[in-house]
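Student: One structure, pasted below without further comment.
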Amino acid sequence: MQFIKSHSHHIALSIFLIACLTPFIDEYFFGLFNEKRAFQSILLSMCALFYFPSLKLEKKANLTLTLVLLLGLTSTLLSNNLLHSSLSYLHATMLISLVFLGYKIKSDNSILFYTILFSNIFLVSYSLLNYSFFILSSELPLPDGVLYGFYNIRFFNQFQVLSIPFVIYFLLHPNLHRVAKVTLTLNFFLLLFSSARGASIAILVTTLVYCYFINRSMIKEILFCLLAAILLFSLHYFYLSFYHSAEYTIRTDSSKRYEIWLEIINNIYLKTLLFGNGPGGYKSEVFDFGHPHNSILQILNNWGAIVLSIVVWFIYKLITQSLTFIKKNKDNNEFLTCFTSFVSLLIYSLVSGVIVMPIPQTFLFILVGILLGYLGYNLVERKSKTHKKVAQIITFTTSLLYAALVILSYNCLDPKPHGPSFWSNGQLSFENCKLTYFED
């Protein structure tokens, strides 16, 4: 009982991750994307109720956060889709609670590291089992049918980008060294197999950063894993005679990303620069996308240039302070692992929907909390009973409103799919509400 109480933060996050990756649960729930959003919403509500009442920020940080929330509220009220923007605004507000969850986890992050490692091992093993079934049945193993746990292969790649730095960390573990080595090799193979260009670049950059600061002998280990993965991919590519995979693997098209980005840039006006089009306000009628696959353009379009500038400034300060910490604490591989995972997600967010999808979005904020904890920031304070009671009432009201909007929004989905945003459908509005029954 004492163990559960003292490790409740780790247990909550582990349950969230395990629930998101449990096999076949999507058959009984909302589907492979929506189930993860539902589990995330539950986690956010719990974290908000536990952590917001004891929130502590420095005066400058408090004013900055208040400014961001006021600008977001203004953007929401000016939005053309009040329901979607209100839900996205509250969701973004609730995500802040994950920073405090990460801050709490920092004091003993071993459970987090093991959970991410074994989750990665499970996903990779399950995917390779699928791959073997394709081979045994003499069918062509395409990525969409092989990669497990996500209805889009890029969502699988996002989890790889998040978790591979943690796999590299265990290369130093005396008992799990070989397991980590095999797992890293298979992760590299699946990156090649799924033609994950953006994810591969993100992993390459952060792996180089990791190798620069750690024991140089690990560079040989990582290179060995990469060469083994290339060999495995060569066997897959040549000896199985799947010739048309060359066209998929060596792609030169942008998957409509350039066109989407140009569409956003061409539609930037003064209102967009000041307040954006409302949280969750992006949608492309031309390309049927619910997010623009670029974090900078998404924040600019939805929240405006002022909020974007604040976010970029915060990330810049966090990265520079983290690099200084790493140079002064070269043996702190736990911090380095969390930092490289965070940076890897940021890089990949420039060409994908990392800041939209439930799992990477959750861990982005948790990793921020872990890094702030290591950097010496104090985010929790004891408040007087009166202040704490007022904070609890505000938090409970906000959480209740958030939960109500989450439930309501699921029954207000646009019949025309636009790709994932909050839900897998991408767009919702009051005009589409079906309040008498639930349907997927």
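Every chain in the structure tokens takes a letter, A first, then B, and so on in the order presented; its residues are numbered from 1, and the ligands are numbered from 1 following the presented order.
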Would you give me, as a ChimeraX atom specification, the residues in region 137-286 of chain A that DSSP reads as alpha helix (DSSP H)?

Tutor: /A:143-146,153-169,177-193,197-213,217-234,245-249,257-266,270-275

Student: Restrict the selected residues to C-alpha atoms and save them as a compact mmCIF listing (two decimals), in the first residue's frame.

Tutor:
# COMPACT_ATOMS: atom_id res chain seq x y z
CA PRO A 143 3.66 -1.44 -43.19
CA ASP A 144 -0.05 -0.72 -42.63
CA GLY A 145 -0.69 -4.39 -41.94
CA VAL A 146 2.49 -5.10 -39.99
CA ILE A 153 2.02 3.98 -39.41
CA ARG A 154 3.26 7.51 -38.65
CA PHE A 155 1.67 7.29 -35.18
CA PHE A 156 3.75 4.15 -34.65
CA ASN A 157 6.84 6.08 -35.78
CA GLN A 158 6.01 8.84 -33.29
CA PHE A 159 6.14 6.34 -30.46
CA GLN A 160 9.47 5.07 -31.81
CA VAL A 161 10.88 8.61 -31.81
CA LEU A 162 9.75 9.00 -28.20
CA SER A 163 11.07 5.66 -26.98
CA ILE A 164 14.30 4.95 -28.91
CA PRO A 165 16.41 7.26 -26.66
CA PHE A 166 15.20 5.16 -23.71
CA VAL A 167 16.21 1.98 -25.54
CA ILE A 168 19.68 3.49 -26.11
CA TYR A 169 19.88 4.28 -22.39
CA HIS A 177 22.30 -4.72 -22.59
CA ARG A 178 21.61 -7.47 -25.14
CA VAL A 179 17.86 -6.96 -25.01
CA ALA A 180 18.34 -3.25 -25.69
CA LYS A 181 20.77 -4.01 -28.52
CA VAL A 182 18.35 -6.35 -30.29
CA THR A 183 15.42 -3.96 -29.68
CA LEU A 184 17.34 -0.99 -31.09
CA THR A 185 18.27 -2.99 -34.19
CA LEU A 186 14.66 -3.98 -34.80
CA ASN A 187 13.51 -0.38 -34.27
CA PHE A 188 15.95 0.80 -36.93
CA PHE A 189 14.70 -1.94 -39.24
CA LEU A 190 11.06 -0.88 -38.76
CA LEU A 191 11.98 2.74 -39.44
CA LEU A 192 13.46 1.65 -42.78
CA PHE A 193 10.59 -0.74 -43.42
CA ARG A 197 11.97 9.77 -43.36
CA GLY A 198 11.06 12.43 -40.79
CA ALA A 199 11.33 10.02 -37.87
CA SER A 200 14.68 8.74 -39.14
CA ILE A 201 16.09 12.27 -39.32
CA ALA A 202 14.83 13.05 -35.81
CA ILE A 203 16.38 9.86 -34.43
CA LEU A 204 19.64 10.43 -36.33
CA VAL A 205 20.09 13.96 -34.96
CA THR A 206 19.29 13.09 -31.36
CA THR A 207 21.35 9.88 -31.48
CA LEU A 208 24.35 11.95 -32.55
CA VAL A 209 23.68 14.31 -29.62
CA TYR A 210 23.41 11.31 -27.30
CA CYS A 211 26.67 9.82 -28.60
CA TYR A 212 28.50 13.13 -28.24
CA PHE A 213 27.86 13.32 -24.51
CA SER A 217 32.23 3.14 -26.91
CA MET A 218 28.44 3.23 -27.30
CA ILE A 219 28.86 4.76 -30.75
CA LYS A 220 30.17 1.38 -31.94
CA GLU A 221 27.16 -0.34 -30.37
CA ILE A 222 24.70 1.99 -32.09
CA LEU A 223 26.51 1.73 -35.43
CA PHE A 224 26.44 -2.06 -35.14
CA CYS A 225 22.67 -1.94 -34.56
CA LEU A 226 22.22 0.36 -37.55
CA LEU A 227 24.31 -1.86 -39.86
CA ALA A 228 22.42 -4.95 -38.66
CA ALA A 229 19.13 -3.17 -39.38
CA ILE A 230 20.32 -2.26 -42.89
CA LEU A 231 21.27 -5.89 -43.46
CA LEU A 232 17.83 -7.06 -42.30
CA PHE A 233 16.17 -4.52 -44.55
CA SER A 234 18.32 -5.66 -47.48
CA SER A 245 8.64 -1.58 -52.12
CA ALA A 246 11.50 0.38 -53.74
CA GLU A 247 9.01 2.96 -54.95
CA TYR A 248 7.59 3.31 -51.44
CA THR A 249 10.93 3.33 -49.63
CA ARG A 257 2.89 18.68 -46.78
CA TYR A 258 4.37 21.49 -48.89
CA GLU A 259 0.96 22.21 -50.37
CA ILE A 260 -0.64 22.30 -46.90
CA TRP A 261 2.05 24.60 -45.54
CA LEU A 262 1.71 26.98 -48.49
CA GLU A 263 -2.05 27.00 -47.99
CA ILE A 264 -1.61 28.13 -44.37
CA ILE A 265 1.00 30.78 -45.23
CA ASN A 266 -1.19 32.21 -48.00
CA LEU A 270 -3.66 40.34 -39.25
CA LYS A 271 -6.22 38.47 -37.10
CA THR A 272 -4.29 35.24 -37.56
CA LEU A 273 -1.04 36.92 -36.52
CA LEU A 274 -2.61 38.44 -33.40
CA PHE A 275 -4.95 35.73 -32.15

Student: Neighbours of Val356 (chain A) within 8 Å (only C-alpha atoms; same-chain residues fewer than 5 positions away dropped), as a list in words?

Tutor: His291, Gln361, Ser421 and Phe422 of chain A

Student: Generate the output file for the selected residues, C-alpha atoms, as a PDB file, in the first residue's frame.

Tutor:
ATOM      1  CA  HIS A 291      -3.715  19.180 -38.708  1.00  0.00           C
ATOM      2  CA  GLN A 361       1.527  14.987 -26.892  1.00  0.00           C
ATOM      3  CA  SER A 421      -7.364  16.493 -34.558  1.00  0.00           C
ATOM      4  CA  PHE A 422      -8.918  15.976 -31.125  1.00  0.00           C
TER       5      PHE A 422
END

Student: Applying 9 Å and only C-alpha atoms, which residues near His84 (chain A) remain after dropping the ones on its own chain fewer than 5 positions away? List them as a VMD selection string.

Tutor: chain A and resid 76 79 89 278 to 281 409 422 427 to 430

Student: For C-alpha atoms, I'd like the residues from the last selection saved as a compact mmCIF listing (two decimals), in the first residue's frame.

Tutor:
# COMPACT_ATOMS: atom_id res chain seq x y z
CA THR A 76 -11.44 30.83 -28.82
CA SER A 79 -13.24 31.37 -33.55
CA TYR A 89 -8.49 25.39 -25.41
CA GLY A 278 -8.87 29.48 -32.53
CA PRO A 279 -7.36 26.42 -30.80
CA GLY A 280 -8.10 23.41 -33.00
CA GLY A 281 -9.14 25.85 -35.73
CA SER A 409 -17.87 16.54 -28.77
CA PHE A 422 -8.92 15.98 -31.12
CA GLN A 427 -13.71 18.27 -37.10
CA LEU A 428 -16.78 18.77 -34.90
CA SER A 429 -19.43 21.45 -34.41
CA PHE A 430 -22.76 22.10 -32.68

Student: Which residues, written as number ranges by chain, have at least one atom at most 12 Å from Leu67 (chain A), with only C-alpha atoms counted and residues fewer than 6 positions away on the same chain left out?

Tutor: A: 60-61, 73-74, 275, 303, 306-307, 310-311

Student: I need the residues from that last selection saved to file as an mmCIF file, in the first residue's frame (with N, CA, C and O atoms), if you can.

Tutor:
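See again_38.cif below for the written result:
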data_model
loop_
_atom_site.group_PDB
_atom_site.id
_atom_site.type_symbol
_atom_site.label_atom_id
_atom_site.label_comp_id
_atom_site.auth_asym_id
_atom_site.auth_seq_id
_atom_site.Cartn_x
_atom_site.Cartn_y
_atom_site.Cartn_z
ATOM 1 N N LYS A 60 7.366 35.967 -13.143
ATOM 2 C CA LYS A 60 7.494 36.165 -14.590
ATOM 3 C C LYS A 60 6.811 35.035 -15.352
ATOM 4 O O LYS A 60 6.087 35.277 -16.333
ATOM 5 N N ALA A 61 7.023 33.790 -14.914
ATOM 6 C CA ALA A 61 6.403 32.640 -15.566
ATOM 7 C C ALA A 61 4.892 32.673 -15.403
ATOM 8 O O ALA A 61 4.148 32.321 -16.336
ATOM 9 N N LEU A 73 -7.927 32.306 -24.882
ATOM 10 C CA LEU A 73 -9.361 32.507 -24.629
ATOM 11 C C LEU A 73 -9.946 33.484 -25.643
ATOM 12 O O LEU A 73 -11.049 33.260 -26.172
ATOM 13 N N THR A 74 -9.216 34.561 -25.917
ATOM 14 C CA THR A 74 -9.666 35.531 -26.928
ATOM 15 C C THR A 74 -9.789 34.870 -28.295
ATOM 16 O O THR A 74 -10.779 35.070 -29.018
ATOM 17 N N PHE A 275 -4.229 36.680 -33.001
ATOM 18 C CA PHE A 275 -4.952 35.731 -32.149
ATOM 19 C C PHE A 275 -5.100 34.332 -32.747
ATOM 20 O O PHE A 275 -5.559 33.423 -32.056
ATOM 21 N N TRP A 303 -3.224 29.686 -32.649
ATOM 22 C CA TRP A 303 -3.060 30.534 -31.464
ATOM 23 C C TRP A 303 -2.515 31.923 -31.781
ATOM 24 O O TRP A 303 -2.603 32.816 -30.932
ATOM 25 N N ILE A 306 1.892 35.753 -31.367
ATOM 26 C CA ILE A 306 2.362 36.115 -30.020
ATOM 27 C C ILE A 306 2.578 34.856 -29.187
ATOM 28 O O ILE A 306 3.631 34.685 -28.557
ATOM 29 N N VAL A 307 1.591 33.970 -29.192
ATOM 30 C CA VAL A 307 1.717 32.720 -28.448
ATOM 31 C C VAL A 307 2.848 31.866 -29.025
ATOM 32 O O VAL A 307 3.630 31.270 -28.276
ATOM 33 N N ILE A 310 6.136 33.102 -27.729
ATOM 34 C CA ILE A 310 6.337 32.720 -26.327
ATOM 35 C C ILE A 310 6.758 31.255 -26.224
ATOM 36 O O ILE A 310 7.670 30.904 -25.464
ATOM 37 N N VAL A 311 6.095 30.396 -27.000
ATOM 38 C CA VAL A 311 6.420 28.964 -26.984
ATOM 39 C C VAL A 311 7.845 28.727 -27.482
ATOM 40 O O VAL A 311 8.613 27.964 -26.872
#

Student: How many Å lie between CA of Phe342 (chain A) and CA of Phe363 (chain A), rounded to one decimal?

Tutor: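 Between CA of Phe342 (chain A) and CA of Phe363 (chain A) the gap is 8.2 Å.
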
Student: Please, what distance in Å, to one decimal, runs between CA of Leu323 (chain A) and CA of Ser349 (chain A)?

Tutor: 20.5 Å

Student: Find the distance between CA of Gly373 (chain A) and CA of Tyr103 (chain A) and write it in Å to one decimal.

Tutor: 5.2 Å

Student: Using only C-alpha atoms, determine which residues lie at most 10 Å from region 389-406 of chain A, disregarding the query and same-chain residues fewer than 6 positions distant; provide the list as a list in words.

Tutor: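 Here the qualifying residues turn out to be Arg37, Ala38, Ser41, Ile42, Leu44, Ser45, Met46, Cys47, Ala48, Leu49, Phe50, Tyr51, Phe52, Pro53, Ser54, Leu55, Leu83, His84, Ser86, Leu87, Ser88, Tyr89, Leu90, His91, Thr93, Met94, Lys383, Phe422 and Trp423 of chain A.
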
Student: Please produce a file of the residues just selected, as a PDB file, in the first residue's frame, where the atoms kept are N, CA and C atoms.

Tutor:
ATOM      1  N   ARG A  37      -7.211   8.919 -27.012  1.00  0.00           N
ATOM      2  CA  ARG A  37      -7.646  10.260 -26.591  1.00  0.00           C
ATOM      3  C   ARG A  37      -8.521  10.172 -25.338  1.00  0.00           C
ATOM      4  N   ALA A  38      -9.370   9.168 -25.268  1.00  0.00           N
ATOM      5  CA  ALA A  38     -10.218   8.998 -24.091  1.00  0.00           C
ATOM      6  C   ALA A  38      -9.375   8.717 -22.850  1.00  0.00           C
ATOM      7  N   SER A  41      -7.667  11.882 -21.802  1.00  0.00           N
ATOM      8  CA  SER A  41      -8.577  12.818 -21.138  1.00  0.00           C
ATOM      9  C   SER A  41      -8.787  12.441 -19.674  1.00  0.00           C
ATOM     10  N   ILE A  42      -8.874  11.149 -19.400  1.00  0.00           N
ATOM     11  CA  ILE A  42      -9.008  10.686 -18.012  1.00  0.00           C
ATOM     12  C   ILE A  42      -7.753  11.040 -17.212  1.00  0.00           C
ATOM     13  N   LEU A  44      -5.612  13.443 -17.833  1.00  0.00           N
ATOM     14  CA  LEU A  44      -5.549  14.890 -17.657  1.00  0.00           C
ATOM     15  C   LEU A  44      -6.455  15.359 -16.527  1.00  0.00           C
ATOM     16  N   SER A  45      -7.656  14.816 -16.477  1.00  0.00           N
ATOM     17  CA  SER A  45      -8.598  15.207 -15.418  1.00  0.00           C
ATOM     18  C   SER A  45      -8.047  14.848 -14.043  1.00  0.00           C
ATOM     19  N   MET A  46      -7.464  13.670 -13.923  1.00  0.00           N
ATOM     20  CA  MET A  46      -6.881  13.237 -12.650  1.00  0.00           C
ATOM     21  C   MET A  46      -5.701  14.127 -12.259  1.00  0.00           C
ATOM     22  N   CYS A  47      -4.821  14.398 -13.205  1.00  0.00           N
ATOM     23  CA  CYS A  47      -3.642  15.215 -12.912  1.00  0.00           C
ATOM     24  C   CYS A  47      -4.030  16.640 -12.539  1.00  0.00           C
ATOM     25  N   ALA A  48      -5.017  17.194 -13.241  1.00  0.00           N
ATOM     26  CA  ALA A  48      -5.465  18.549 -12.933  1.00  0.00           C
ATOM     27  C   ALA A  48      -6.005  18.640 -11.514  1.00  0.00           C
ATOM     28  N   LEU A  49      -6.819  17.670 -11.123  1.00  0.00           N
ATOM     29  CA  LEU A  49      -7.403  17.675  -9.781  1.00  0.00           C
ATOM     30  C   LEU A  49      -6.335  17.526  -8.701  1.00  0.00           C
ATOM     31  N   PHE A  50      -5.291  16.756  -8.978  1.00  0.00           N
ATOM     32  CA  PHE A  50      -4.246  16.514  -7.979  1.00  0.00           C
ATOM     33  C   PHE A  50      -3.207  17.629  -7.919  1.00  0.00           C
ATOM     34  N   TYR A  51      -2.844  18.210  -9.083  1.00  0.00           N
ATOM     35  CA  TYR A  51      -1.666  19.076  -9.125  1.00  0.00           C
ATOM     36  C   TYR A  51      -1.965  20.570  -9.220  1.00  0.00           C
ATOM     37  N   PHE A  52      -3.039  20.957  -9.901  1.00  0.00           N
ATOM     38  CA  PHE A  52      -3.305  22.384 -10.066  1.00  0.00           C
ATOM     39  C   PHE A  52      -3.465  23.140  -8.742  1.00  0.00           C
ATOM     40  N   PRO A  53      -4.132  22.561  -7.732  1.00  0.00           N
ATOM     41  CA  PRO A  53      -4.294  23.312  -6.473  1.00  0.00           C
ATOM     42  C   PRO A  53      -2.980  23.657  -5.778  1.00  0.00           C
ATOM     43  N   SER A  54      -1.907  22.921  -6.041  1.00  0.00           N
ATOM     44  CA  SER A  54      -0.620  23.204  -5.392  1.00  0.00           C
ATOM     45  C   SER A  54       0.389  23.813  -6.362  1.00  0.00           C
ATOM     46  N   LEU A  55      -0.120  24.381  -7.458  1.00  0.00           N
ATOM     47  CA  LEU A  55       0.738  24.966  -8.494  1.00  0.00           C
ATOM     48  C   LEU A  55       1.534  26.153  -7.953  1.00  0.00           C
ATOM     49  N   LEU A  83     -17.363  25.315 -30.443  1.00  0.00           N
ATOM     50  CA  LEU A  83     -17.298  24.032 -29.743  1.00  0.00           C
ATOM     51  C   LEU A  83     -15.897  23.431 -29.842  1.00  0.00           C
ATOM     52  N   HIS A  84     -15.387  23.351 -31.050  1.00  0.00           N
ATOM     53  CA  HIS A  84     -14.075  22.743 -31.244  1.00  0.00           C
ATOM     54  C   HIS A  84     -12.979  23.563 -30.563  1.00  0.00           C
ATOM     55  N   SER A  86     -13.302  25.657 -28.006  1.00  0.00           N
ATOM     56  CA  SER A  86     -13.453  25.591 -26.545  1.00  0.00           C
ATOM     57  C   SER A  86     -12.866  24.291 -26.006  1.00  0.00           C
ATOM     58  N   LEU A  87     -13.153  23.189 -26.694  1.00  0.00           N
ATOM     59  CA  LEU A  87     -12.613  21.895 -26.280  1.00  0.00           C
ATOM     60  C   LEU A  87     -11.090  21.897 -26.383  1.00  0.00           C
ATOM     61  N   SER A  88     -10.551  22.385 -27.490  1.00  0.00           N
ATOM     62  CA  SER A  88      -9.095  22.396 -27.691  1.00  0.00           C
ATOM     63  C   SER A  88      -8.409  23.332 -26.696  1.00  0.00           C
ATOM     64  N   TYR A  89      -9.054  24.448 -26.382  1.00  0.00           N
ATOM     65  CA  TYR A  89      -8.488  25.394 -25.413  1.00  0.00           C
ATOM     66  C   TYR A  89      -8.427  24.772 -24.019  1.00  0.00           C
ATOM     67  N   LEU A  90      -9.510  24.158 -23.597  1.00  0.00           N
ATOM     68  CA  LEU A  90      -9.509  23.495 -22.292  1.00  0.00           C
ATOM     69  C   LEU A  90      -8.534  22.327 -22.266  1.00  0.00           C
ATOM     70  N   HIS A  91      -8.441  21.616 -23.373  1.00  0.00           N
ATOM     71  CA  HIS A  91      -7.505  20.493 -23.459  1.00  0.00           C
ATOM     72  C   HIS A  91      -6.063  20.985 -23.298  1.00  0.00           C
ATOM     73  N   THR A  93      -5.127  23.692 -21.778  1.00  0.00           N
ATOM     74  CA  THR A  93      -4.984  24.116 -20.386  1.00  0.00           C
ATOM     75  C   THR A  93      -4.741  22.923 -19.474  1.00  0.00           C
ATOM     76  N   MET A  94      -5.476  21.844 -19.697  1.00  0.00           N
ATOM     77  CA  MET A  94      -5.318  20.648 -18.873  1.00  0.00           C
ATOM     78  C   MET A  94      -3.966  19.975 -19.099  1.00  0.00           C
ATOM     79  N   LYS A 383      -0.006  25.833   0.123  1.00  0.00           N
ATOM     80  CA  LYS A 383      -0.827  27.033   0.177  1.00  0.00           C
ATOM     81  C   LYS A 383      -1.709  26.993   1.416  1.00  0.00           C
ATOM     82  N   PHE A 422      -8.672  16.499 -32.468  1.00  0.00           N
ATOM     83  CA  PHE A 422      -8.918  15.976 -31.125  1.00  0.00           C
ATOM     84  C   PHE A 422      -9.375  14.527 -31.220  1.00  0.00           C
ATOM     85  N   TRP A 423     -10.422  14.297 -32.028  1.00  0.00           N
ATOM     86  CA  TRP A 423     -10.846  12.930 -32.335  1.00  0.00           C
ATOM     87  C   TRP A 423     -10.309  12.544 -33.704  1.00  0.00           C
TER      88      TRP A 423
END

Student: Using only C-alpha atoms, which residues sit within 8 Å of Phe335 (chain A) once same-chain residues fewer than 6 positions away are excluded, as a list of chain:residue names?

Tutor: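 Counting only the stated atoms, we get A:Ile326, A:Leu371, A:Tyr374.
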
Student: Taking 4 positions as the minimum chain separation for residues in the same chain, which residues sit within 7 Å of Tyr148 (chain A) when counting only C-alpha atoms? Answer as a compact mmCIF listing (two decimals) with C-alpha atoms, in the first residue's frame.

Tutor:
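Here's the written file selection.txt:
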# COMPACT_ATOMS: atom_id res chain seq x y z
CA LEU A 123 5.17 -3.09 -29.96
CA TYR A 126 4.04 -7.74 -31.97
CA SER A 127 4.81 -6.03 -35.28

Student: Between A:Gly304, A:Gly353, A:Pro420, A:Gly31, which one has atoms that come closest to Lys283 (chain A), using only C-alpha atoms?

Tutor: A:Pro420

Student: Smallest atom-to-atom distance to Leu372 (chain A): which of A:Ser309, A:Thr22, A:Asn277, A:Gln321, using only C-alpha atoms?

Tutor: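 Selected residue with least distance to Leu372 (chain A): A:Gln321.
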